[in-house]
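**Student:** input.cif (mmCIF, C-alpha atoms) pasted underneath:
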data_work
loop_
_atom_site.group_PDB
_atom_site.id
_atom_site.type_symbol
_atom_site.label_atom_id
_atom_site.label_comp_id
_atom_site.auth_asym_id
_atom_site.auth_seq_id
_atom_site.Cartn_x
_atom_site.Cartn_y
_atom_site.Cartn_z
ATOM 1 C CA MET P 1 1.163 18.470 3.472
ATOM 2 C CA ILE P 2 -1.258 15.665 2.615
ATOM 3 C CA ILE P 3 0.451 12.419 1.592
ATOM 4 C CA ASP P 4 -1.367 9.873 -0.532
ATOM 5 C CA ALA P 5 0.334 6.717 0.744
ATOM 6 C CA HIS P 6 -0.933 4.452 -2.034
ATOM 7 C CA ARG P 7 -1.000 5.622 -5.631
ATOM 8 C CA HIS P 8 -0.416 3.672 -8.839
ATOM 9 C CA TYR P 9 0.774 4.731 -12.253
ATOM 10 C CA TRP P 10 0.921 2.123 -15.001
ATOM 11 C CA ASP P 11 1.412 1.779 -18.728
ATOM 12 C CA PRO P 12 0.316 -1.531 -20.343
ATOM 13 C CA SER P 13 2.146 -0.579 -23.543
ATOM 14 C CA ARG P 14 5.450 -0.913 -21.647
ATOM 15 C CA LEU P 15 4.830 -3.777 -19.238
ATOM 16 C CA GLU P 16 2.415 -6.662 -18.667
ATOM 17 C CA TYR P 17 -0.182 -6.229 -15.926
ATOM 18 C CA GLY P 18 -1.870 -9.627 -15.969
ATOM 19 C CA TRP P 19 -4.576 -8.733 -13.466
ATOM 20 C CA LEU P 20 -5.827 -5.952 -15.752
ATOM 21 C CA GLU P 21 -7.243 -8.585 -18.125
ATOM 22 C CA HIS P 22 -9.960 -9.263 -15.552
ATOM 23 C CA ALA P 23 -10.356 -5.678 -14.352
ATOM 24 C CA PRO P 24 -13.077 -3.241 -15.441
ATOM 25 C CA SER P 25 -12.471 -2.008 -18.978
ATOM 26 C CA THR P 26 -12.032 1.576 -17.771
ATOM 27 C CA LEU P 27 -8.786 0.530 -16.055
ATOM 28 C CA GLN P 28 -7.313 -1.229 -19.100
ATOM 29 C CA ARG P 29 -5.272 1.724 -20.297
ATOM 30 C CA SER P 30 -2.314 3.749 -19.124
ATOM 31 C CA PHE P 31 -2.643 5.972 -16.052
ATOM 32 C CA LEU P 32 0.206 8.441 -15.699
ATOM 33 C CA PRO P 33 0.795 11.643 -13.704
ATOM 34 C CA PRO P 34 -1.102 13.996 -16.047
ATOM 35 C CA ASP P 35 -4.212 11.801 -15.741
ATOM 36 C CA ILE P 36 -4.779 12.415 -12.041
ATOM 37 C CA GLY P 37 -5.586 16.085 -12.511
ATOM 38 C CA THR P 38 -4.632 19.052 -10.406
ATOM 39 C CA THR P 39 -4.104 17.535 -6.954
ATOM 40 C CA GLN P 40 -1.141 18.983 -5.077
ATOM 41 C CA ASP P 41 -0.947 16.069 -2.636
ATOM 42 C CA ALA P 42 2.383 14.317 -2.285
ATOM 43 C CA CYS P 43 2.370 10.558 -2.783
ATOM 44 C CA ILE P 44 4.062 7.194 -2.547
ATOM 45 C CA LEU P 45 3.989 5.146 -5.744
ATOM 46 C CA VAL P 46 3.153 1.458 -5.317
ATOM 47 C CA GLN P 47 3.916 -1.372 -7.728
ATOM 48 C CA ALA P 48 1.149 -2.942 -9.797
ATOM 49 C CA ALA P 49 3.067 -5.596 -11.767
ATOM 50 C CA PRO P 50 5.250 -8.495 -10.542
ATOM 51 C CA ASP P 51 8.224 -7.249 -12.536
ATOM 52 C CA GLU P 52 11.372 -5.492 -11.354
ATOM 53 C CA ARG P 53 11.318 -3.413 -14.537
ATOM 54 C CA GLU P 54 8.183 -1.711 -13.265
ATOM 55 C CA THR P 55 10.083 -0.583 -10.179
ATOM 56 C CA TRP P 56 12.671 1.050 -12.440
ATOM 57 C CA PHE P 57 9.799 2.668 -14.371
ATOM 58 C CA LEU P 58 8.394 4.066 -11.110
ATOM 59 C CA PHE P 59 11.836 5.401 -10.169
ATOM 60 C CA ASP P 60 11.923 7.274 -13.484
ATOM 61 C CA LEU P 61 8.448 8.705 -12.893
ATOM 62 C CA ALA P 62 9.389 9.706 -9.353
ATOM 63 C CA ARG P 63 12.405 11.632 -10.587
ATOM 64 C CA GLN P 64 10.327 13.430 -13.206
ATOM 65 C CA THR P 65 7.188 14.140 -11.166
ATOM 66 C CA GLU P 66 6.809 16.723 -8.452
ATOM 67 C CA GLY P 67 5.336 15.388 -5.229
ATOM 68 C CA VAL P 68 6.494 11.760 -5.415
ATOM 69 C CA LEU P 69 8.221 10.987 -2.114
ATOM 70 C CA GLY P 70 9.020 7.316 -2.553
ATOM 71 C CA VAL P 71 8.370 4.003 -4.299
ATOM 72 C CA VAL P 72 7.166 0.641 -3.038
ATOM 73 C CA GLY P 73 8.544 -1.786 -5.592
ATOM 74 C CA TRP P 74 8.547 -5.484 -6.407
ATOM 75 C CA VAL P 75 11.232 -8.146 -6.353
ATOM 76 C CA ASP P 76 11.173 -11.929 -6.671
ATOM 77 C CA MET P 77 11.491 -12.712 -2.964
ATOM 78 C CA GLU P 78 11.933 -16.438 -3.612
ATOM 79 C CA ALA P 79 14.896 -15.980 -5.940
ATOM 80 C CA ASP P 80 18.197 -17.422 -4.750
ATOM 81 C CA ASP P 81 19.689 -13.946 -5.088
ATOM 82 C CA ALA P 82 16.727 -12.062 -3.621
ATOM 83 C CA THR P 83 18.880 -10.147 -1.151
ATOM 84 C CA ARG P 84 21.199 -8.988 -3.934
ATOM 85 C CA ARG P 85 18.216 -7.887 -6.001
ATOM 86 C CA ILE P 86 16.745 -5.893 -3.110
ATOM 87 C CA GLU P 87 20.082 -4.237 -2.452
ATOM 88 C CA ALA P 88 20.494 -3.405 -6.149
ATOM 89 C CA LEU P 89 17.046 -1.793 -6.323
ATOM 90 C CA ALA P 90 17.769 0.226 -3.194
ATOM 91 C CA GLU P 91 21.045 1.419 -4.700
ATOM 92 C CA GLN P 92 19.448 2.274 -8.027
ATOM 93 C CA GLY P 93 16.607 4.117 -6.326
ATOM 94 C CA GLN P 94 19.055 6.429 -4.561
ATOM 95 C CA GLY P 95 16.734 6.810 -1.598
ATOM 96 C CA LEU P 96 13.447 6.476 -3.480
ATOM 97 C CA LEU P 97 12.889 2.794 -2.632
ATOM 98 C CA ARG P 98 10.902 2.760 0.601
ATOM 99 C CA GLY P 99 9.407 -0.724 0.505
ATOM 100 C CA ILE P 100 8.709 -3.959 -1.358
ATOM 101 C CA ARG P 101 5.300 -5.454 -2.124
ATOM 102 C CA PRO P 102 4.909 -9.076 -3.239
ATOM 103 C CA MET P 103 1.443 -9.499 -4.742
ATOM 104 C CA VAL P 104 0.342 -12.030 -2.138
ATOM 105 C CA GLN P 105 -3.363 -11.812 -3.029
ATOM 106 C CA ASP P 106 -2.610 -13.155 -6.531
ATOM 107 C CA ILE P 107 -0.481 -16.114 -5.406
ATOM 108 C CA PRO P 108 -2.555 -19.350 -5.462
ATOM 109 C CA ASP P 109 -0.888 -20.731 -2.326
ATOM 110 C CA THR P 110 -2.576 -18.905 0.569
ATOM 111 C CA GLU P 111 0.238 -20.156 2.844
ATOM 112 C CA TRP P 112 2.950 -18.637 0.643
ATOM 113 C CA LEU P 113 4.006 -16.198 3.341
ATOM 114 C CA THR P 114 5.064 -19.058 5.627
ATOM 115 C CA ARG P 115 7.611 -20.517 3.190
ATOM 116 C CA PRO P 116 11.095 -20.690 4.775
ATOM 117 C CA ALA P 117 12.637 -19.751 1.414
ATOM 118 C CA LEU P 118 11.416 -16.205 2.041
ATOM 119 C CA ASP P 119 13.297 -15.741 5.321
ATOM 120 C CA ARG P 120 16.379 -14.142 3.814
ATOM 121 C CA ALA P 121 14.405 -11.642 1.756
ATOM 122 C CA PHE P 122 12.329 -10.508 4.730
ATOM 123 C CA ASP P 123 15.447 -10.201 6.879
ATOM 124 C CA CYS P 124 16.990 -8.098 4.114
ATOM 125 C CA LEU P 125 14.005 -5.732 4.092
ATOM 126 C CA ARG P 126 14.282 -5.273 7.841
ATOM 127 C CA ASP P 127 18.040 -4.824 7.819
ATOM 128 C CA HIS P 128 17.823 -2.136 5.118
ATOM 129 C CA GLY P 129 14.971 -0.260 6.771
ATOM 130 C CA LEU P 130 12.517 -1.088 3.985
ATOM 131 C CA VAL P 131 8.796 -1.561 4.551
ATOM 132 C CA PHE P 132 6.958 -4.773 3.714
ATOM 133 C CA ASP P 133 3.670 -3.788 2.060
ATOM 134 C CA ALA P 134 1.280 -6.666 2.682
ATOM 135 C CA LEU P 135 -1.268 -7.005 -0.133
ATOM 136 C CA VAL P 136 -3.425 -9.556 1.656
ATOM 137 C CA ASP P 137 -7.009 -10.397 2.504
ATOM 138 C CA ASN P 138 -8.606 -12.495 5.234
ATOM 139 C CA ARG P 139 -7.277 -15.738 3.706
ATOM 140 C CA HIS P 140 -3.702 -14.677 4.422
ATOM 141 C CA LEU P 141 -3.863 -13.038 7.853
ATOM 142 C CA ARG P 142 -2.930 -16.136 9.855
ATOM 143 C CA ALA P 143 0.098 -16.724 7.620
ATOM 144 C CA LEU P 144 0.973 -13.038 7.831
ATOM 145 C CA SER P 145 1.012 -13.183 11.628
ATOM 146 C CA GLN P 146 3.310 -16.215 11.484
ATOM 147 C CA ARG P 147 5.661 -14.467 9.077
ATOM 148 C CA LEU P 148 5.924 -11.314 11.154
ATOM 149 C CA THR P 149 6.815 -13.167 14.350
ATOM 150 C CA ARG P 150 9.960 -14.439 12.581
ATOM 151 C CA HIS P 151 11.278 -10.941 11.898
ATOM 152 C CA PRO P 152 11.139 -8.669 14.943
ATOM 153 C CA GLY P 153 11.617 -5.079 13.870
ATOM 154 C CA LEU P 154 10.284 -5.556 10.340
ATOM 155 C CA ILE P 155 8.067 -2.583 9.521
ATOM 156 C CA THR P 156 4.892 -3.821 7.835
ATOM 157 C CA VAL P 157 1.955 -1.967 6.297
ATOM 158 C CA VAL P 158 -1.267 -3.865 5.620
ATOM 159 C CA ASP P 159 -2.725 -2.566 2.366
ATOM 160 C CA HIS P 160 -6.421 -1.696 2.009
ATOM 161 C CA GLY P 161 -7.354 -2.790 5.523
ATOM 162 C CA ALA P 162 -6.683 -6.409 4.455
ATOM 163 C CA LYS P 163 -9.480 -6.124 1.864
ATOM 164 C CA PRO P 164 -12.568 -7.088 3.873
ATOM 165 C CA ASN P 165 -15.627 -8.415 2.062
ATOM 166 C CA ILE P 166 -17.671 -5.276 2.645
ATOM 167 C CA ALA P 167 -20.230 -6.027 -0.067
ATOM 168 C CA GLY P 168 -20.982 -9.360 1.615
ATOM 169 C CA ARG P 169 -21.060 -7.790 5.107
ATOM 170 C CA GLU P 170 -18.518 -10.396 6.279
ATOM 171 C CA PHE P 171 -17.219 -8.604 9.326
ATOM 172 C CA ALA P 172 -16.557 -10.940 12.246
ATOM 173 C CA ALA P 173 -13.831 -13.257 10.906
ATOM 174 C CA TRP P 174 -11.976 -10.387 9.252
ATOM 175 C CA ALA P 175 -12.235 -8.227 12.373
ATOM 176 C CA GLY P 176 -10.780 -10.884 14.640
ATOM 177 C CA ALA P 177 -7.895 -11.654 12.294
ATOM 178 C CA VAL P 178 -7.063 -7.970 11.759
ATOM 179 C CA ALA P 179 -7.054 -7.337 15.505
ATOM 180 C CA ARG P 180 -4.545 -10.161 15.992
ATOM 181 C CA VAL P 181 -2.247 -8.805 13.279
ATOM 182 C CA ALA P 182 -2.453 -5.338 14.845
ATOM 183 C CA GLN P 183 -1.033 -6.753 18.082
ATOM 184 C CA VAL P 184 2.272 -7.467 16.327
ATOM 185 C CA PRO P 185 4.738 -4.593 16.881
ATOM 186 C CA ASP P 186 5.705 -2.398 13.926
ATOM 187 C CA VAL P 187 2.552 -3.131 11.892
ATOM 188 C CA ALA P 188 0.505 -0.291 10.387
ATOM 189 C CA CYS P 189 -2.468 -0.177 8.030
ATOM 190 C CA LYS P 190 -3.666 1.798 5.030
ATOM 191 C CA LEU P 191 -7.081 3.426 4.929
ATOM 192 C CA SER P 192 -7.373 2.775 1.219
ATOM 193 C CA GLY P 193 -9.118 0.620 -1.347
ATOM 194 C CA LEU P 194 -12.332 0.221 0.651
ATOM 195 C CA LEU P 195 -14.897 1.993 -1.521
ATOM 196 C CA THR P 196 -14.173 -0.416 -4.361
ATOM 197 C CA LEU P 197 -15.089 -3.332 -2.066
ATOM 198 C CA THR P 198 -18.664 -2.175 -1.464
ATOM 199 C CA GLY P 199 -20.234 -3.643 -4.579
ATOM 200 C CA ALA P 200 -21.211 -2.136 -7.886
ATOM 201 C CA ARG P 201 -21.586 1.328 -6.404
ATOM 202 C CA ALA P 202 -19.612 3.211 -3.785
ATOM 203 C CA ASP P 203 -21.306 2.958 -0.390
ATOM 204 C CA ALA P 204 -19.635 5.223 2.145
ATOM 205 C CA ALA P 205 -21.981 4.147 4.922
ATOM 206 C CA ALA P 206 -21.088 0.480 4.422
ATOM 207 C CA ILE P 207 -17.390 1.039 5.046
ATOM 208 C CA GLU P 208 -17.805 2.953 8.328
ATOM 209 C CA PRO P 209 -17.868 -0.052 10.728
ATOM 210 C CA PHE P 210 -14.817 -1.504 8.977
ATOM 211 C CA VAL P 211 -12.929 1.766 9.241
ATOM 212 C CA ALA P 212 -13.960 2.077 12.890
ATOM 213 C CA HIS P 213 -12.475 -1.362 13.564
ATOM 214 C CA LEU P 214 -9.207 -0.413 11.873
ATOM 215 C CA PHE P 215 -8.869 2.554 14.199
ATOM 216 C CA GLU P 216 -9.839 0.432 17.218
ATOM 217 C CA SER P 217 -7.185 -2.125 16.273
ATOM 218 C CA PHE P 218 -4.294 0.057 15.106
ATOM 219 C CA GLY P 219 -5.013 3.407 16.719
ATOM 220 C CA GLY P 220 -4.728 6.741 14.954
ATOM 221 C CA GLU P 221 -0.928 6.616 15.016
ATOM 222 C CA ARG P 222 -0.715 3.489 12.826
ATOM 223 C CA VAL P 223 -3.270 4.235 10.090
ATOM 224 C CA MET P 224 -2.429 6.197 6.942
ATOM 225 C CA TRP P 225 -4.636 7.372 4.112
ATOM 226 C CA GLY P 226 -4.152 6.243 0.526
ATOM 227 C CA SER P 227 -6.181 6.813 -2.607
ATOM 228 C CA ASP P 228 -5.550 3.527 -4.454
ATOM 229 C CA TRP P 229 -5.882 5.668 -7.579
ATOM 230 C CA PRO P 230 -6.629 4.785 -10.373
ATOM 231 C CA VAL P 231 -8.383 1.613 -9.154
ATOM 232 C CA LEU P 232 -10.477 4.063 -7.138
ATOM 233 C CA THR P 233 -11.881 5.588 -10.322
ATOM 234 C CA THR P 234 -14.324 2.695 -10.790
ATOM 235 C CA HIS P 235 -16.252 4.032 -7.772
ATOM 236 C CA ALA P 236 -15.248 7.628 -7.039
ATOM 237 C CA THR P 237 -12.951 10.476 -7.947
ATOM 238 C CA TYR P 238 -9.770 11.168 -6.053
ATOM 239 C CA GLU P 239 -11.297 14.196 -4.304
ATOM 240 C CA GLN P 240 -14.538 12.385 -3.463
ATOM 241 C CA TRP P 241 -12.662 9.611 -1.660
ATOM 242 C CA LYS P 242 -10.395 12.068 0.137
ATOM 243 C CA THR P 243 -13.391 14.064 1.365
ATOM 244 C CA CYS P 244 -15.126 10.860 2.481
ATOM 245 C CA ALA P 245 -12.026 9.657 4.322
ATOM 246 C CA GLN P 246 -11.518 13.019 6.009
ATOM 247 C CA ALA P 247 -15.061 12.887 7.360
ATOM 248 C CA LEU P 248 -14.528 9.343 8.637
ATOM 249 C CA VAL P 249 -11.302 10.278 10.393
ATOM 250 C CA ARG P 250 -12.871 13.345 12.004
ATOM 251 C CA GLY P 251 -15.650 11.169 13.357
ATOM 252 C CA LEU P 252 -13.708 8.031 14.299
ATOM 253 C CA ALA P 253 -10.219 9.296 15.165
ATOM 254 C CA PRO P 254 -10.552 12.970 16.136
ATOM 255 C CA ARG P 255 -7.268 14.821 16.608
ATOM 256 C CA HIS P 256 -5.505 12.298 14.342
ATOM 257 C CA GLU P 257 -6.280 13.940 11.004
ATOM 258 C CA ALA P 258 -2.750 15.285 10.488
ATOM 259 C CA ALA P 259 -1.254 11.916 11.367
ATOM 260 C CA VAL P 260 -3.501 9.838 9.100
ATOM 261 C CA PHE P 261 -3.158 12.226 6.160
ATOM 262 C CA GLY P 262 0.586 12.696 6.291
ATOM 263 C CA ALA P 263 2.633 12.324 9.448
ATOM 264 C CA ASN P 264 2.170 8.569 9.817
ATOM 265 C CA ALA P 265 3.288 7.893 6.248
ATOM 266 C CA MET P 266 6.230 10.240 6.723
ATOM 267 C CA ALA P 267 7.373 8.342 9.810
ATOM 268 C CA ILE P 268 6.582 4.764 8.796
ATOM 269 C CA TYR P 269 8.137 5.028 5.334
ATOM 270 C CA SER P 270 11.032 7.182 6.633
ATOM 271 C CA LEU P 271 10.315 9.951 4.148
ATOM 272 C CA ASN P 272 12.131 12.743 5.969
ATOM 273 C CA GLY P 273 14.725 14.145 3.614
ATOM 274 C CA ARG P 274 13.247 12.495 0.528
ATOM 275 C CA THR P 275 13.036 14.637 -2.583
ATOM 276 C CA THR P 276 9.829 15.170 -4.504
ATOM 277 C CA ALA P 277 11.710 15.492 -7.789
ATOM 278 C CA PRO P 278 15.251 16.531 -8.729
ATOM 279 C CA GLY P 279 16.194 19.572 -6.701
ATOM 280 C CA ARG P 280 12.970 19.795 -4.701
ATOM 281 C CA ALA P 281 13.037 18.857 -1.026
ATOM 282 C CA ALA P 282 10.079 17.170 0.619
#
Show me, as structure tokens, the structure contained in the file I just sent.
**Tutor:**
Amino acid sequence: MIIDAHRHYWDPSRLEYGWLEHAPSTLQRSFLPPDIGTTQDACILVQAAPDERETWFLFDLARQTEGVLGVVGWVDMEADDATRRIEALAEQGQGLLRGIRPMVQDIPDTEWLTRPALDRAFDCLRDHGLVFDALVDNRHLRALSQRLTRHPGLITVVDHGAKPNIAGREFAAWAGAVARVAQVPDVACKLSGLLTLTGARADAAAIEPFVAHLFESFGGERVMWGSDWPVLTTHATYEQWKTCAQALVRGLAPRHEAAVFGANAMAIYSLNGRTTAPGRAA
């Protein structure tokens, strides 16, 4: 079973997605399960709005849609009652909530992750076996390393390879910072979102050295594939990116294909026993 570890569904008629105002016009509409086509791949749904109501929306979609194994939601981690909110979402999800993702890349303060007010929320994630999805880029990697040292045992997944500036060929600073983060125990990384960082057009050749460094840093047992659909659609189709990623993994991490395209996500997000929809076992 292939697992897409990073898929979005959204509906701007129901909720506000502020970042969409500055996104390509092709993304400024709803993207729901029927829109992705005929893929049979299982998936993890990931939040796209800083609103707890979107997490409830994703729970509803997960219960109605075959193949959805879990949800990475959002909560206000600075709220005084953040731990109660996380616990309430976990209870409401009935096993579907597998992680929380604050939208760090959109927060003006690049040192936000170091704020002591967040300590309780991160401890709560760890204590409840939930993953911290880190939506960060190179500006945040030092702060991310500091945060993770405060919470031994917190499972963390770095989204989109920490969003390197591939179009600008800015490799060295990103590579050093990513390697340092990878030295922290219990940190994994998503092979996702990279084609859309190559400029106006998808450039598969341009991403290869960045992908190679991710495998050098994390190893094949800590990298998982994700589509980042529908953001992906500005540069490629779902199947085009999957085929590209499969070729990269065969070349850069041979014998790890099954892990990158399923087993790692299953283990890191604790998906064993999850249901794909009511009555259907994963």
**Student:** Report, in Å with one decimal, the straight-line distance from CA of Ala177 in chain P to CA of Gly251 in chain P.
**Tutor:**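 Distance between the two atoms: 24.1 Å.
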**Student:** Which one of P:Phe215, P:Ala90, P:Leu191, P:Pro209 sits closest to Trp241 in chain P if you count only C-alpha atoms?
**Tutor:** P:Leu191
**Student:** Please identify all polymer residues within 6 Å of Val68 in chain P, counting all atoms listed in the file, omitting same-chain residues fewer than 3 positions from it, and present them as a ChimeraX atom specification.
**Tutor:** /P:42-44,62,276
**Student:** Let me make sure I understand: among P:Glu91, P:Asp4, P:Glu239, P:Glu16, which one has the smallest atom-to-atom distance to Ala49 in chain P if we use all atoms listed in the file?
**Tutor:** P:Glu16
**Student:** For the structure provided, state which residues fall under the PyMOL selection byres ((chain P and resi 178) around 8), and present them as a ChimeraX atom specification.
**Tutor:** /P:141,162,174-177,179-182,214,217
**Student:** Now that the selection is made, can you save its residues with C-alpha atoms as an mmCIF file, in the frame of the given file?
**Tutor:**
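As a result, result17.cif now contains:
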data_model
loop_
_atom_site.group_PDB
_atom_site.id
_atom_site.type_symbol
_atom_site.label_atom_id
_atom_site.label_comp_id
_atom_site.auth_asym_id
_atom_site.auth_seq_id
_atom_site.Cartn_x
_atom_site.Cartn_y
_atom_site.Cartn_z
ATOM 1 C CA LEU P 141 -3.863 -13.038 7.853
ATOM 2 C CA ALA P 162 -6.683 -6.409 4.455
ATOM 3 C CA TRP P 174 -11.976 -10.387 9.252
ATOM 4 C CA ALA P 175 -12.235 -8.227 12.373
ATOM 5 C CA GLY P 176 -10.780 -10.884 14.640
ATOM 6 C CA ALA P 177 -7.895 -11.654 12.294
ATOM 7 C CA ALA P 179 -7.054 -7.337 15.505
ATOM 8 C CA ARG P 180 -4.545 -10.161 15.992
ATOM 9 C CA VAL P 181 -2.247 -8.805 13.279
ATOM 10 C CA ALA P 182 -2.453 -5.338 14.845
ATOM 11 C CA LEU P 214 -9.207 -0.413 11.873
ATOM 12 C CA SER P 217 -7.185 -2.125 16.273
#
**Student:** As an NGL selection string, please: the residues near Ser227 in chain P (cut-off 9 Å, only C-alpha atoms, same-chain neighbours under 6 positions excluded).
**Tutor:** :P and (4-7 or 191-193 or 238 or 241-242)
**Student:** For Leu197 in chain P, find every residue with an atom within 10 Å (counting all atoms listed in the file), except residues of its own chain fewer than 6 positions away, and show them as a list in words.
**Tutor:**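 Neighbouring residues, sequence-local ones excluded: His160, Lys163, Pro164, Asn165, Ile166, Ala167, Gly168, Asp203, Ala206, Ile207 and His235 of chain P.
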**Student:** Which one of P:Gln183, P:Gln146, P:Gln240, P:Leu15 sits closest to Gly219 in chain P if you count only C-alpha atoms?
**Tutor:**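 Smallest separation from Gly219 in chain P among the options: P:Gln183.
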**Student:** Give me the residues near Met103 in chain P as a PyMOL selection string, where near means some atom within 12 Å (using all atoms listed in the file) and where sequence neighbours in that chain fewer than 5 positions away do not count.
**Tutor:** chain P and resi 17-19+46-51+72-77+108-110+112-113+132-137+140+159
**Student:** On this structure, the PyMOL selection byres ((chain P and resi 268) around 9) would catch which residues? List them as a PyMOL selection string, sorted by chain and number.
**Tutor:** chain P and resi 131+155-157+186+188+222+263-267+269-271
**Student:** Find the distance between CA of Ala258 in chain P and CA of Thr243 in chain P and write it in Å to one decimal.
**Tutor:** 14.1 Å
**Student:** Can you report as lines of an AutoDock Vina configuration file the centre and edge lengths in Å, to one decimal, of an axis-aligned box around the listed atoms of range 225-234 of chain P padded with 8 Å on each side?
**Tutor:**
center_x = -9.2
center_y = 4.5
center_z = -3.3
size_x = 26.2
size_y = 21.8
size_z = 30.9
**Student:** What is the distance between CA of Thr149 in chain P and CA of Thr114 in chain P, in Å to one decimal?
**Tutor:**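 If I compute the distance from CA of Thr149 in chain P to CA of Thr114 in chain P, I get 10.7 Å.
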**Student:** When you count only C-alpha atoms, which of these residues is closest to Thr26 in chain P: P:Asn138, P:Thr233, P:Thr196, P:Asn272?
**Tutor:**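 Of all the options, P:Thr233 lies closest to Thr26 in chain P.
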**Student:** Scan for residues within 10 Å of the point (-3.5, 8.6, -16.9) in the coordinates of the file, using all atoms listed in the file, and reply as a list in words.
**Tutor:**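 I get His8, Tyr9, Trp10, Asp11, Leu27, Arg29, Ser30, Phe31, Leu32, Pro33, Pro34, Asp35, Ile36, Gly37 and Pro230 of chain P for the residues within 10 Å of that point.
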**Student:** Compare P:Ala117, P:Ala205, P:Val260, P:Ala173 by their minimum atom-to-atom distance to Arg139 in chain P, counting all atoms listed in the file, and give me the closest one.
**Tutor:**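 For Arg139 in chain P, the nearest of the given residues is P:Ala173.
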**Student:** Smallest atom-to-atom distance to Ala23 in chain P: which of P:Gly161, P:Gln92, P:Thr234, P:Thr38, using all atoms listed in the file?
**Tutor:**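 Selected residue with least distance to Ala23 in chain P: P:Thr234.
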**Student:** Pull out every residue that the PyMOL selection byres ((chain P and resi 58-60) around 8) matches in the shown coordinates and put them as a PyMOL selection string.
**Tutor:** chain P and resi 9+45+47+54-57+61-64+71+93+96
